[in-house]
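Novice: The following block contains the structure, expressed as structure tokens.
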Amino acid sequence: MSQDLTRRTLIGGAIAAAAVSSLEAAAPKTMPMVDTHIHLFDPNRPQGAPYRGPKTSPVSKTGSFPATYRKALHRHPVVAAIHVDASPWIEDNLWALQTAETDPIMVGVIGNFRIESPDFPEIFARHAKNPLLRGLRYGNLWRYDIVAQSQRPEFIAGLKLVSDAGLALDTANPRVDLLQAVVRISDRLPDLRIVIDHLCKLDPKPEEQAAYDAVLSEIAGRPNLYVKLSSSLHEGNVSPRLADHKARLDLLFGTFGADRVLFASDWPNVEGDGPVDVAVAILQEYFAGKTLVEREKFFWRNSIGAYRWVARTAGQRALFG
């Protein structure tokens, strides 16, 4: 086992030992939860899978499926989940949609497409017929460059099709220049709902701090920009204590407000830094200090506004009542 894997294993064990007390301190587990960020993949297909989760997780070999997710989050009242692309292969959009269709806990798929490609309009039109497609992901992943693309007319034209279809844009891997690109896109397409992922793990460098503060201030006034409060556990900050994450959570909650923050576990990717139960516990404990309405908005209500997903079960339909 490599030194890096050994370190992560030891850290994971320490976090797991602290998880029980964190979970006991968290908010009551009766609040329904809609998980807006999970990854499905099958590494045992003939072609394999380009993303297989953290190497320390068993799913890297056995695969990540809706049933696997149910088991991993069984301690929490998750009533619905949304898969976010874990592959740059165009054909895997269909695989994800077909896999999600097999289990009603799945209410959405965030697909992966080259939005700037000449054939994007035709490919998108075919996939968008499936009601489980709730958006597309584009950012700093799979050699995509949202910063450069945000200034190109063909990319904006492609995103207008997404906006006109009532779907959302998810970003990938936050940086300060990605946030600036999001603002540019929002200027061009103010009706497009944009969801920024994993912003908890962005630690600006000292020379970036002024630009980071400025772009957050700009984002604060844009009602169609959302954030997933995922990745509280991340490289460099794997503490199970809320106190070690509260300042960042306060900043983002203050920036986006109660109406634009989303619950997301980032399972199974989160397992590379610590148990998913601990990551969830940090958020439960944080929102235990908020009002009931604010907790509902974070854990499930805002997901409906951001993704406009369609209920598939009685428990999900009850959220719309």
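Numbering starts fresh at 1 for the residues of each chain in the structure tokens, the chains themselves are lettered A, B, ... in the order given, and ligands are numbered from 1 as they appear.
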With only C-alpha atoms as the counted atoms, please give the residues lying no more than 7 Å from Leu192 of chain A, apart from itself and same-chain residues fewer than 6 positions off, as an MDAnalysis selection string.
Specialist: chainID A and resid 163 168 186 224
Novice: Taking C-alpha atoms for each residue, export the selection above as a CSV table (one decimal), in the first residue's frame.
Specialist:
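And here's part-v6.csv as it stands now:
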chain,number,residue,atom,x,y,z
A,163,SER,CA,-31.6,27.2,-20.5
A,168,ALA,CA,-29.4,23.5,-15.3
A,186,SER,CA,-24.9,34.5,-16.0
A,224,ASN,CA,-30.1,31.7,-10.4
Novice: Which neighbours of Asn302 of chain A fall inside 7 Å, counting only C-alpha atoms, when residues of the same chain fewer than 3 positions from it are skipped, and could you give them as number ranges by chain?
Specialist: A: 259-262, 297-298, 305-306
Novice: Restricting the output to C-alpha atoms, write the selected residues as a PDB file, in the first residue's frame.
Specialist:
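Produced file part.pdb, reproduced below:
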ATOM      1  CA  ASP A 259     -32.751  29.729  -0.904  1.00  0.00           C
ATOM      2  CA  ARG A 260     -29.657  28.736  -2.921  1.00  0.00           C
ATOM      3  CA  VAL A 261     -27.738  26.156  -0.881  1.00  0.00           C
ATOM      4  CA  LEU A 262     -28.046  22.447  -1.691  1.00  0.00           C
ATOM      5  CA  LYS A 297     -34.621  24.446   2.102  1.00  0.00           C
ATOM      6  CA  PHE A 298     -31.112  23.066   2.358  1.00  0.00           C
ATOM      7  CA  GLY A 305     -36.026  24.768  -7.604  1.00  0.00           C
ATOM      8  CA  ALA A 306     -32.508  24.145  -8.874  1.00  0.00           C
TER       9      ALA A 306
END
Novice: Which residue is closest to Trp300 of chain A? Choose from A:Asn93, A:Asn269, A:Gln47, A:Gln316 and count only C-alpha atoms.
Specialist: A:Gln316
Novice: Quick one: of A:Leu229, A:Val310, A:Pro268, A:Leu202, who's nearest to Lys71 of chain A, counting only C-alpha atoms?
Specialist: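 Among the listed residues, A:Pro268 lies closest to Lys71 of chain A.
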Novice: Show me, as CSV, the residues of segment 162-186 of chain A having an atom within 12 Å of segment 113-124 of chain A, each with the closest atom pair and its distance in Å, using only C-alpha atoms.
Specialist:
residue,atom,partner,partner_atom,distance
A:Val162,CA,A:Phe124,CA,8.3
A:Ser163,CA,A:Phe124,CA,12.0
A:Asp164,CA,A:Phe124,CA,12.0
A:Ala165,CA,A:Phe124,CA,10.0
A:Leu167,CA,A:Phe124,CA,11.1
A:Leu169,CA,A:Ile115,CA,10.7
A:Asp170,CA,A:Phe113,CA,11.7
Novice: Would you please work out which residue, of A:Leu216, A:Ala279, A:Leu292, A:Ile38, is nearest to Val107 of chain A when using only C-alpha atoms?
Specialist: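 Closest to Val107 of chain A of all the choices is A:Ile38.
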Novice: Within 9 Å of segment 179-183 of chain A, counting only C-alpha atoms, which residues qualify if same-chain residues fewer than 6 places away don't, as an MDAnalysis selection string?
Specialist: chainID A and resid 146:151 171 194 196 211:212 215:216 218:219 222 225
Novice: Point out the residue among A:Leu233, A:Pro88, A:Ile304, A:Leu251 with the least atom-to-atom distance to Trp267 of chain A, counting only C-alpha atoms.
Specialist: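 Smallest distance to Trp267 of chain A is found for A:Leu233.
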Novice: Could you pull out the alpha helix (DSSP H) residues of segment 93-308 of chain A from DSSP and send them as a PyMOL selection string?
Specialist: chain A and resi 93-101+120-127+146-149+153-164+176-188+209-220+246-256+276-287+292-296+302-307
Novice: List every residue of segment 125-235 of chain A that has an atom at most 8 Å from any atom of segment 97-101 of chain A, and for each one report the closest atom pair and its distance in Å to one decimal, counting only C-alpha atoms, with rows sorted by chain and then by increasing residue number, as CSV.
Specialist:
residue,atom,partner,partner_atom,distance
A:Asn130,CA,A:Leu97,CA,7.9
A:Leu132,CA,A:Leu97,CA,6.7
A:Leu133,CA,A:Leu97,CA,7.3
Novice: Create the file for the chosen residues now, containing N, CA, C and O atoms and written as a PDB file, in the first residue's frame.
Specialist:
ATOM      1  N   ASN A 130     -35.554  12.579 -22.303  1.00  0.00           N
ATOM      2  CA  ASN A 130     -35.676  11.770 -21.092  1.00  0.00           C
ATOM      3  C   ASN A 130     -35.880  12.694 -19.888  1.00  0.00           C
ATOM      4  O   ASN A 130     -35.023  13.538 -19.611  1.00  0.00           O
ATOM      5  N   LEU A 132     -35.434  12.299 -16.876  1.00  0.00           N
ATOM      6  CA  LEU A 132     -34.427  12.190 -15.830  1.00  0.00           C
ATOM      7  C   LEU A 132     -33.222  13.093 -16.085  1.00  0.00           C
ATOM      8  O   LEU A 132     -32.464  13.376 -15.167  1.00  0.00           O
ATOM      9  N   LEU A 133     -33.029  13.547 -17.308  1.00  0.00           N
ATOM     10  CA  LEU A 133     -31.935  14.477 -17.574  1.00  0.00           C
ATOM     11  C   LEU A 133     -32.309  15.834 -16.997  1.00  0.00           C
ATOM     12  O   LEU A 133     -33.245  16.482 -17.445  1.00  0.00           O
TER      13      LEU A 133
END
Novice: Please provide as a PyMOL selection string all residues within 12 Å of Asp203 of chain A, with the sequence filter that same-chain residues fewer than 2 positions apart are discarded (counting only C-alpha atoms).
Specialist: chain A and resi 173-176+198-201+205-209+212-213+231-232+234-237+245+248
Novice: At a cut-off of 6 Å, using only C-alpha atoms, what residues contact Phe299 of chain A? Leave out same-chain residues fewer than 3 positions from it and give the result as number ranges by chain.
Specialist: A: 33, 263, 296
Novice: Please produce a file of those selected residues containing C-alpha atoms, as a PDB file, in the first residue's frame.
Specialist:
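For reference, again_7.pdb as written:
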ATOM      1  CA  MET A  33     -32.944  14.610   2.269  1.00  0.00           C
ATOM      2  CA  PHE A 263     -27.298  19.244   0.195  1.00  0.00           C
ATOM      3  CA  GLU A 296     -35.900  22.155   4.838  1.00  0.00           C
TER       4      GLU A 296
END
Novice: From the DSSP assignment of the backbone, select every residue of segment 113-267 of chain A that is strand (DSSP E), and format the answer as a PyMOL selection string.
Specialist: chain A and resi 133-137+168-170+193-196+225-228+261-262
Novice: Can I get the selection written as a PDB file, in the first residue's frame, with C-alpha atoms?
Specialist:
ATOM      1  CA  LEU A 133     -31.935  14.477 -17.574  1.00  0.00           C
ATOM      2  CA  ARG A 134     -31.890  17.513 -15.298  1.00  0.00           C
ATOM      3  CA  GLY A 135     -28.797  19.321 -16.479  1.00  0.00           C
ATOM      4  CA  LEU A 136     -25.277  19.205 -17.902  1.00  0.00           C
ATOM      5  CA  ARG A 137     -21.899  19.429 -16.220  1.00  0.00           C
ATOM      6  CA  ALA A 168     -29.371  23.485 -15.264  1.00  0.00           C
ATOM      7  CA  LEU A 169     -25.610  23.831 -15.693  1.00  0.00           C
ATOM      8  CA  ASP A 170     -23.406  22.180 -13.059  1.00  0.00           C
ATOM      9  CA  ARG A 193     -29.746  28.070 -13.435  1.00  0.00           C
ATOM     10  CA  ILE A 194     -26.111  27.366 -12.550  1.00  0.00           C
ATOM     11  CA  VAL A 195     -25.076  25.071  -9.692  1.00  0.00           C
ATOM     12  CA  ILE A 196     -21.529  25.453  -8.353  1.00  0.00           C
ATOM     13  CA  LEU A 225     -26.722  30.758  -8.984  1.00  0.00           C
ATOM     14  CA  TYR A 226     -26.749  27.892  -6.462  1.00  0.00           C
ATOM     15  CA  VAL A 227     -24.041  26.114  -4.472  1.00  0.00           C
ATOM     16  CA  LYS A 228     -23.622  22.574  -3.201  1.00  0.00           C
ATOM     17  CA  VAL A 261     -27.738  26.156  -0.881  1.00  0.00           C
ATOM     18  CA  LEU A 262     -28.046  22.447  -1.691  1.00  0.00           C
TER      19      LEU A 262
END
